[in-house]
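Pasting model.txt here (compact mmCIF, C-alpha atoms):
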```txt
# COMPACT_ATOMS: atom_id res chain seq x y z
CA MET E 1 -45.13 137.90 100.10
CA ALA E 2 -41.79 136.48 100.82
CA ARG E 3 -41.54 132.81 102.15
CA THR E 4 -39.78 132.62 105.38
CA THR E 5 -37.82 129.59 106.35
CA ASP E 6 -37.28 128.60 109.91
CA SER E 7 -33.77 127.39 110.28
CA THR E 8 -34.26 125.78 113.63
CA PRO E 9 -34.64 122.00 113.87
CA GLU E 10 -38.19 122.34 115.04
CA GLY E 11 -39.01 124.53 112.12
CA ARG E 12 -37.48 122.14 109.58
CA GLY E 13 -39.45 119.16 111.04
CA ALA E 14 -42.72 121.03 110.92
CA SER E 15 -42.03 122.00 107.34
CA ARG E 16 -41.46 118.35 106.24
CA ALA E 17 -44.64 117.25 107.99
CA ALA E 18 -46.65 119.85 106.27
CA THR E 19 -45.15 118.92 102.95
CA GLY E 20 -46.08 115.24 103.51
CA ARG E 21 -49.63 116.12 104.27
CA ARG E 22 -49.93 118.14 101.14
CA ARG E 23 -48.61 115.19 98.96
CA GLY E 24 -50.65 112.34 100.29
CA GLY E 25 -51.78 112.75 103.84
CA ALA E 26 -50.40 110.73 106.68
CA LEU E 27 -47.21 108.75 106.04
CA PRO E 28 -47.24 104.93 106.21
CA ASN E 29 -46.72 103.13 109.44
CA GLY E 30 -43.18 103.40 110.51
CA ALA E 31 -42.42 106.00 107.88
CA GLY E 32 -43.46 109.09 109.94
CA THR E 33 -41.52 111.10 112.51
CA SER E 34 -41.15 110.69 116.18
CA ALA E 35 -40.08 113.24 118.71
CA ASP E 36 -37.12 112.49 120.78
CA ALA E 37 -36.64 113.67 124.28
CA SER E 38 -35.39 117.04 123.11
CA GLY E 39 -38.60 117.67 121.14
CA GLY E 40 -36.92 117.06 117.70
CA ALA E 41 -38.00 114.60 115.02
CA ALA E 42 -36.02 111.44 113.91
CA GLU E 43 -36.71 109.16 110.83
CA SER E 44 -37.74 105.54 111.46
CA GLY E 45 -35.53 102.66 110.08
CA GLY E 46 -38.45 100.32 108.96
CA THR E 47 -38.49 101.11 105.21
CA GLY E 48 -35.55 98.72 104.12
CA PRO E 49 -35.46 95.20 102.43
CA PRO E 50 -37.24 93.27 105.24
CA GLY E 51 -40.42 94.94 104.14
CA ARG E 52 -40.09 93.57 100.59
CA VAL E 53 -39.47 89.95 101.79
CA SER E 54 -42.57 90.12 103.91
CA ALA E 55 -44.62 91.29 100.94
CA PHE E 56 -43.21 88.33 98.80
CA ARG E 57 -44.25 85.80 101.40
CA THR E 58 -47.67 87.37 101.62
CA ARG E 59 -48.18 87.02 97.86
CA ILE E 60 -46.64 83.46 97.39
CA LEU E 61 -47.18 81.42 100.53
CA PRO E 62 -50.82 80.74 101.43
CA ARG E 63 -52.05 82.12 104.68
CA SER E 64 -55.20 79.94 104.93
CA LEU E 65 -56.00 76.20 105.20
CA LEU E 66 -57.57 76.22 101.73
CA GLY E 67 -54.42 77.69 100.27
CA VAL E 68 -52.23 75.09 101.95
CA ALA E 69 -54.51 72.34 100.65
CA SER E 70 -54.36 73.80 97.17
CA LEU E 71 -50.57 73.90 97.32
CA ILE E 72 -50.41 70.23 98.46
CA LEU E 73 -52.82 69.27 95.68
CA ALA E 74 -50.67 71.07 93.14
CA PHE E 75 -47.58 69.20 94.35
CA ALA E 76 -49.48 65.89 94.21
CA ILE E 77 -50.64 66.55 90.67
CA GLY E 78 -47.11 67.47 89.66
CA ALA E 79 -45.71 64.34 91.30
CA GLY E 80 -48.33 62.19 89.58
CA PHE E 81 -47.58 63.75 86.24
CA SER E 82 -43.88 63.15 86.80
CA GLY E 83 -44.64 59.49 87.64
CA VAL E 84 -46.67 59.11 84.45
CA VAL E 85 -43.82 60.59 82.45
CA LEU E 86 -41.24 58.34 84.12
CA TYR E 87 -43.43 55.25 83.67
CA SER E 88 -43.98 56.11 80.01
CA TYR E 89 -40.24 56.46 79.52
CA TYR E 90 -39.64 53.16 81.34
CA GLN E 91 -42.25 51.43 79.19
CA TYR E 92 -40.69 52.90 76.07
CA LYS E 93 -37.22 51.61 77.02
CA LEU E 94 -38.71 48.24 77.99
CA ASN E 95 -40.40 47.95 74.62
CA GLN E 96 -37.13 48.81 72.89
CA THR E 97 -35.33 46.14 74.93
CA ASP E 98 -38.01 43.57 74.13
CA GLN E 99 -37.72 44.40 70.45
CA ARG E 100 -33.96 43.97 70.54
CA VAL E 101 -34.24 40.67 72.44
CA ASN E 102 -36.87 39.38 70.01
CA ALA E 103 -34.71 40.44 67.07
CA LEU E 104 -31.74 38.63 68.63
CA ILE E 105 -33.80 35.51 69.29
CA ASN E 106 -35.22 35.54 65.78
CA GLY E 107 -31.71 36.00 64.43
CA TYR E 108 -30.49 32.99 66.41
CA LYS E 109 -33.48 30.97 65.24
CA GLY E 110 -32.68 31.87 61.67
CA GLN E 111 -29.04 30.96 62.09
CA PHE E 112 -29.99 27.71 63.83
CA ALA E 113 -32.45 26.82 61.07
CA LYS E 114 -29.79 27.59 58.47
CA ALA E 115 -27.19 25.53 60.34
CA GLU E 116 -29.68 22.69 60.72
CA GLY E 117 -30.38 22.81 57.00
CA ASN E 118 -26.67 22.81 56.22
CA LEU E 119 -26.18 19.88 58.60
CA SER E 120 -28.99 17.96 56.91
CA ASP E 121 -27.39 18.62 53.54
CA ASP E 122 -24.01 17.46 54.87
CA VAL E 123 -25.57 14.30 56.32
CA ALA E 124 -27.30 13.57 53.02
CA ALA E 125 -24.06 14.15 51.12
CA ALA E 126 -22.16 11.90 53.56
CA LYS E 127 -24.77 9.15 53.19
CA ALA E 128 -24.54 9.41 49.42
CA SER E 129 -20.76 9.22 49.58
CA ILE E 130 -20.87 6.20 51.90
CA ALA E 131 -23.44 4.52 49.68
CA ALA E 132 -21.22 5.07 46.65
CA GLN E 133 -18.22 3.63 48.49
CA LEU E 134 -20.27 0.69 49.75
CA LYS E 135 -21.47 0.07 46.23
CA ALA E 136 -17.87 -0.18 45.08
CA VAL E 137 -17.11 -2.54 47.97
CA GLN E 138 -20.21 -4.59 47.28
CA GLU E 139 -19.20 -4.87 43.67
CA GLN E 140 -15.91 -6.33 44.92
CA GLN E 141 -17.77 -8.72 47.23
CA ALA E 142 -19.48 -11.57 45.46
CA GLY E 143 -23.11 -12.10 46.38
CA PRO E 144 -24.72 -15.42 47.27
CA GLN E 145 -25.77 -16.11 43.69
CA VAL E 146 -22.24 -15.58 42.38
CA LEU E 147 -20.77 -17.84 45.05
CA ALA E 148 -23.38 -20.52 44.49
CA ALA E 149 -22.71 -20.50 40.74
CA LEU E 150 -18.95 -20.67 41.32
CA ILE E 151 -19.27 -23.57 43.77
CA LYS E 152 -21.46 -25.46 41.32
CA GLN E 153 -18.88 -24.93 38.59
CA VAL E 154 -15.74 -26.01 40.51
CA ALA E 155 -17.16 -28.69 42.84
CA PRO E 156 -16.86 -31.58 40.36
CA SER E 157 -13.13 -30.88 40.02
CA VAL E 158 -12.02 -30.53 43.66
CA PHE E 159 -11.35 -33.18 46.31
CA PHE E 160 -10.72 -33.13 50.02
CA VAL E 161 -7.32 -34.68 50.87
CA HIS E 162 -6.45 -36.26 54.21
CA THR E 163 -3.47 -38.26 55.48
CA LEU E 164 -0.99 -38.16 58.40
CA ASP E 165 2.02 -35.95 58.97
CA GLY E 166 5.46 -37.08 60.17
CA ASN E 167 4.23 -37.15 63.79
CA GLY E 168 1.22 -39.26 63.00
CA GLN E 169 -1.17 -36.30 63.33
CA PRO E 170 -3.93 -35.58 60.78
CA SER E 171 -2.83 -33.56 57.77
CA VAL E 172 -5.52 -32.18 55.46
CA GLY E 173 -5.85 -30.08 52.32
CA THR E 174 -7.51 -29.87 48.92
CA ALA E 175 -6.60 -31.15 45.44
CA PHE E 176 -8.06 -30.25 42.05
CA VAL E 177 -8.14 -32.03 38.70
CA VAL E 178 -5.84 -30.66 35.99
CA SER E 179 -5.99 -33.62 33.62
CA SER E 180 -8.21 -36.69 33.19
CA ASN E 181 -8.59 -39.58 30.75
CA SER E 182 -10.76 -42.67 30.73
CA SER E 183 -8.81 -44.49 33.46
CA GLN E 184 -7.17 -41.96 35.73
CA SER E 185 -6.93 -38.28 36.67
CA LEU E 186 -4.11 -36.02 37.78
CA LEU E 187 -4.64 -33.78 40.78
CA VAL E 188 -2.48 -30.89 42.01
CA THR E 189 -2.27 -30.32 45.78
CA SER E 190 0.02 -28.90 48.47
CA TYR E 191 3.30 -30.62 49.28
CA THR E 192 2.81 -29.67 52.94
CA THR E 193 -0.33 -31.81 53.13
CA VAL E 194 1.29 -34.99 51.76
CA ALA E 195 4.92 -34.45 52.84
CA ALA E 196 5.04 -37.53 55.06
CA ALA E 197 3.80 -39.69 52.17
CA THR E 198 6.79 -38.69 50.02
CA HIS E 199 9.00 -40.89 52.24
CA SER E 200 9.01 -44.67 52.34
CA PRO E 201 7.38 -46.07 54.21
CA GLY E 202 4.80 -43.32 54.38
CA PRO E 203 1.15 -42.99 55.39
CA PRO E 204 -1.56 -43.56 52.78
CA VAL E 205 -3.22 -40.57 51.17
CA TYR E 206 -6.97 -40.46 50.54
CA VAL E 207 -9.27 -38.14 48.66
CA ARG E 208 -13.04 -37.83 48.60
CA GLN E 209 -15.81 -35.59 47.34
CA ALA E 210 -18.72 -34.33 49.42
CA THR E 211 -20.13 -37.25 51.38
CA GLY E 212 -18.57 -39.88 49.10
CA SER E 213 -16.21 -42.60 50.22
CA ASP E 214 -12.42 -42.29 50.50
CA VAL E 215 -10.29 -43.25 47.53
CA ALA E 216 -6.58 -43.95 47.88
CA VAL E 217 -4.26 -41.93 45.63
CA THR E 218 -0.58 -42.06 44.78
CA VAL E 219 1.86 -39.20 45.26
CA ARG E 220 3.79 -39.11 42.00
CA THR E 221 5.93 -35.92 42.05
CA TRP E 222 6.46 -33.01 44.39
CA ASP E 223 8.36 -29.76 44.91
CA PRO E 224 8.88 -28.55 48.52
CA GLN E 225 10.11 -25.09 47.45
CA TYR E 226 6.90 -24.25 45.60
CA ASP E 227 4.75 -26.33 47.95
CA LEU E 228 3.35 -28.39 45.09
CA ALA E 229 2.62 -32.10 44.67
CA LEU E 230 0.93 -34.24 42.00
CA LEU E 231 -1.53 -37.02 42.89
CA VAL E 232 -2.76 -39.82 40.64
CA LEU E 233 -6.41 -40.78 41.15
CA PRO E 234 -7.48 -44.15 39.65
CA ARG E 235 -10.71 -42.71 38.30
CA GLY E 236 -11.22 -41.21 34.89
CA THR E 237 -13.43 -38.91 32.92
CA LEU E 238 -13.50 -36.15 35.54
CA SER E 239 -14.12 -32.47 34.97
CA LYS E 240 -10.91 -30.46 35.10
CA LEU E 241 -10.01 -26.87 35.86
CA VAL E 242 -7.90 -24.77 33.50
CA ALA E 243 -5.46 -21.98 34.15
CA ALA E 244 -6.49 -18.36 33.77
CA PRO E 245 -5.09 -16.54 30.71
CA ASN E 246 -1.70 -14.95 31.23
CA ASN E 247 -2.94 -11.72 29.72
CA PRO E 248 -4.08 -9.69 31.52
CA ALA E 249 -1.88 -10.64 34.44
CA PRO E 250 -3.24 -10.41 37.99
CA GLN E 251 -3.26 -6.92 39.44
CA PRO E 252 -3.44 -5.68 43.05
CA GLY E 253 -7.10 -5.38 43.98
CA ASP E 254 -8.27 -8.23 41.73
CA ARG E 255 -10.79 -10.48 43.43
CA LEU E 256 -9.89 -14.17 43.80
CA PHE E 257 -11.58 -17.14 45.47
CA ALA E 258 -9.85 -19.89 47.45
CA VAL E 259 -11.63 -23.24 47.06
CA SER E 260 -11.77 -26.14 49.52
CA GLY E 261 -13.08 -29.65 48.80
CA LEU E 262 -14.28 -30.08 52.41
CA ALA E 263 -18.00 -29.22 52.16
CA THR E 264 -21.33 -30.99 51.99
CA ALA E 265 -22.01 -29.18 48.70
CA GLY E 266 -18.77 -30.60 47.26
CA ALA E 267 -16.83 -27.35 47.66
CA LYS E 268 -16.72 -24.09 49.58
CA VAL E 269 -15.05 -20.81 48.77
CA THR E 270 -13.57 -17.86 50.62
CA GLN E 271 -12.89 -14.66 48.75
CA GLY E 272 -10.07 -12.18 48.96
CA SER E 273 -8.09 -9.69 46.93
CA VAL E 274 -4.66 -9.62 45.38
CA VAL E 275 -2.34 -7.65 47.67
CA ASP E 276 0.88 -7.91 45.67
CA VAL E 277 2.16 -9.45 42.46
CA SER E 278 5.67 -10.71 41.75
CA ALA E 279 7.41 -13.08 39.37
CA SER E 280 7.33 -15.86 41.95
CA GLY E 281 3.66 -15.61 42.84
CA VAL E 282 0.87 -13.42 44.18
CA GLU E 283 0.04 -12.30 47.70
CA VAL E 284 -3.62 -12.58 48.67
CA ASP E 285 -5.60 -11.72 51.77
CA ALA E 286 -8.09 -14.57 51.45
CA ALA E 287 -8.58 -16.74 54.55
CA ILE E 288 -6.60 -19.85 53.64
CA GLY E 289 -7.19 -22.45 56.33
CA SER E 290 -5.58 -25.88 56.49
CA GLU E 291 -8.39 -27.46 54.46
CA PHE E 292 -7.79 -24.88 51.69
CA GLN E 293 -4.06 -25.50 51.17
CA GLY E 294 -3.37 -27.19 47.82
CA GLY E 295 -6.74 -26.03 46.46
CA PRO E 296 -7.20 -23.77 43.44
CA LEU E 297 -7.26 -19.98 43.74
CA VAL E 298 -9.70 -19.04 40.99
CA THR E 299 -11.31 -16.05 39.33
CA GLN E 300 -15.07 -15.54 39.30
CA ALA E 301 -15.08 -17.33 35.95
CA GLY E 302 -13.55 -20.42 37.61
CA ASP E 303 -10.11 -20.16 35.99
CA VAL E 304 -7.15 -21.07 38.18
CA VAL E 305 -4.63 -18.32 38.92
CA ALA E 306 -2.58 -19.93 41.70
CA VAL E 307 -2.44 -22.79 44.18
CA SER E 308 -3.34 -21.99 47.79
CA SER E 309 -0.46 -22.46 50.21
CA ARG E 310 0.24 -21.77 53.88
CA THR E 311 3.99 -22.43 53.70
CA TYR E 312 5.17 -20.95 50.39
CA SER E 313 7.67 -18.19 51.24
CA PRO E 314 9.56 -16.73 48.26
CA LEU E 315 10.68 -13.86 50.51
CA GLY E 316 12.24 -16.25 53.01
CA PHE E 317 9.69 -15.72 55.79
CA SER E 318 6.03 -16.50 56.41
CA THR E 319 3.27 -13.94 56.86
CA ASP E 320 -0.02 -13.82 58.77
CA GLY E 321 -3.27 -12.51 57.31
CA ALA E 322 -1.85 -12.46 53.79
CA TRP E 323 -0.39 -15.46 51.98
CA TYR E 324 2.06 -15.81 49.12
CA VAL E 325 0.90 -18.48 46.70
CA PRO E 326 2.65 -19.93 43.62
CA TYR E 327 1.21 -19.44 40.17
CA VAL E 328 -0.55 -22.53 38.89
CA GLU E 329 1.77 -22.49 35.87
CA ALA E 330 4.61 -23.41 38.25
CA ALA E 331 3.07 -26.89 38.37
CA CYS E 332 4.00 -27.32 34.73
CA ASN E 333 7.65 -26.74 35.51
CA LYS E 334 7.88 -28.56 38.83
CA VAL E 335 5.45 -31.47 39.05
CA LEU E 336 3.61 -31.78 35.75
CA SER E 337 4.35 -31.91 32.04
CA CYS E 338 1.96 -29.56 30.29
CA PRO E 339 1.37 -29.53 26.51
CA GLY E 340 2.58 -26.18 25.27
CA GLY E 341 3.89 -25.38 28.74
CA SER E 342 0.48 -24.30 29.98
CA LEU E 343 -2.39 -25.84 31.84
CA VAL E 344 -4.80 -24.07 29.53
CA GLY E 345 -6.30 -26.78 27.39
CA SER E 346 -4.01 -29.49 28.81
CA HIS E 347 -5.08 -33.14 28.96
```

Take the structure in the file and give it back as structure tokens.
Amino acid sequence: MARTTDSTPEGRGASRAATGRRRGGALPNGAGTSADASGGAAESGGTGPPGRVSAFRTRILPRSLLGVASLILAFAIGAGFSGVVLYSYYQYKLNQTDQRVNALINGYKGQFAKAEGNLSDDVAAAKASIAAQLKAVQEQQAGPQVLAALIKQVAPSVFFVHTLDGNGQPSVGTAFVVSSNSSQSLLVTSYTTVAAATHSPGPPVYVRQATGSDVAVTVRTWDPQYDLALLVLPRGTLSKLVAAPNNPAPQPGDRLFAVSGLATAGAKVTQGSVVDVSASGVEVDAAIGSEFQGGPLVTQAGDVVAVSSRTYSPLGFSTDGAWYVPYVEAACNKVLSCPGGSLVGSH
């Protein structure tokens, strides 16, 4: 039988309704038809996207107190886990920083220990160097035993000299024996000490040893330029001093001893070094006081190199701290006649 189709609006609406019932029964809420005032059917507009959003919220967001509590608990657990992770990372970085700091500190400690060791080595080396230099200086400085032996050797041959100068003031110095026989002895001294006695009338000149009594002497010859004078002592058989050998000649740095007869032990010495050497004499830095002028300038062996002077000036001017002194051999040419031209072995 042929299917008839109603072409009117009412017929079309009834047909769709019947078709819907055959497929699944009643349509969902809001998806059915409604009759308008004219008796026709119109489709509802509630089947769009708002329906899907509502279903999403229903599935995700809790709709009960237990669900809300569960969601809060989940967030709390997540936050706690995040805190643990962050703390672990912080602790890891802190440990790395501590390790770097400790490595830096240990490095500094190692460098400091090394520097301290190097400093100790440098100090030890400096002490050794100073000790070596002091040893050289000490070798140049005579010890007490050397000085005592030298004083004992020269004391019998030196005398303290005292008189007056041209103004009537005390004038002092030292003289030493260069020749002696059974009745008299010849002594070399400084012209400066006895200058006033070279004029007539002049003051008397006396010599003495240690704590002995004064003995008058005679000024026989003198030389103002070389600051030398020769005294005659009326006493014989005295120990004499001899000149040092001409070879080797004195050299800068050689140690010499100035001798004075003014001492309770019979003599005293002050040591110094040769500063310069020339044909007219040597320059020494020994402390030559007034009581030393005219005395012998000797080697450690007791041989005479020069005669101590405070006024000898071959350069034409005087100096302080270092003194030019004439060679003892000058006495042979100026104030004394020496056999063979030398005081070595003279009588």

Show which residues sit within 9 Å of Asp276 of chain E, as a ChimeraX atom specification. Count only C-alpha atoms, and ignore same-chain residues fewer than 3 positions away.
/E:251-253,281-284,324

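With all atoms listed in the file taken into account, every residue lying no more than 10 Å from the file point (-15.7, -22.9, 35.6) is included here: Ala149, Leu150, Ile151, Lys152, Gln153, Val154, Ala155, Pro156, Ser157, Ser239, Lys240, Leu241, Val242, Val298, Thr299, Gln300, Ala301, Gly302, Asp303 and Val304 of chain E.
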
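Comparing the minimum interatomic distances between Val307 of chain E and each of E:Ser260, E:Asn246, E:Ser64, E:Gln169, counting only C-alpha atoms, we find that E:Ser260 sits nearest.
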
Using only C-alpha atoms, give me every residue within 6 Å of (-15.5, -42.0, 32.3) in file coordinates, as a ChimeraX atom specification.
/E:182,236-237

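With distances taken over all atoms listed in the file, E:Val178 is the one residue among E:Lys109, E:Val305, E:Val178, E:Cys332 lying closest to Leu238 of chain E.
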
In terms of all atoms listed in the file, the residue from E:Val275, E:Val194, E:Val215, E:Ala148 at minimal distance from Pro170 of chain E is E:Val194

Mind giving me the straight-line distance from atom CA of Gly272 of chain E to atom CA of Leu256 of chain E in Å, one decimal?
5.5 Å

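Using all atoms listed in the file, the nearest neighbour of Cys338 of chain E within the list E:Leu71, E:Leu186, E:Val172, E:Leu119 is E:Leu186.
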
Report as a ChimeraX atom specification all protein, DNA and RNA residues lying within 9 Å of Lys268 of chain E, evaluated on only C-alpha atoms, omitting residues in the same chain fewer than 2 positions from it.
/E:147,151,155,258-266,270

Taking all atoms listed in the file into account, which of E:Ser180, E:Asp254, E:Tyr312, E:Ala69 comes nearest Ala286 of chain E?
E:Asp254

Between E:Ala76, E:Ala197, E:Val101, E:Leu297, which residue has the minimum interatomic distance to Ala175 of chain E, considering all atoms listed in the file?
E:Leu297
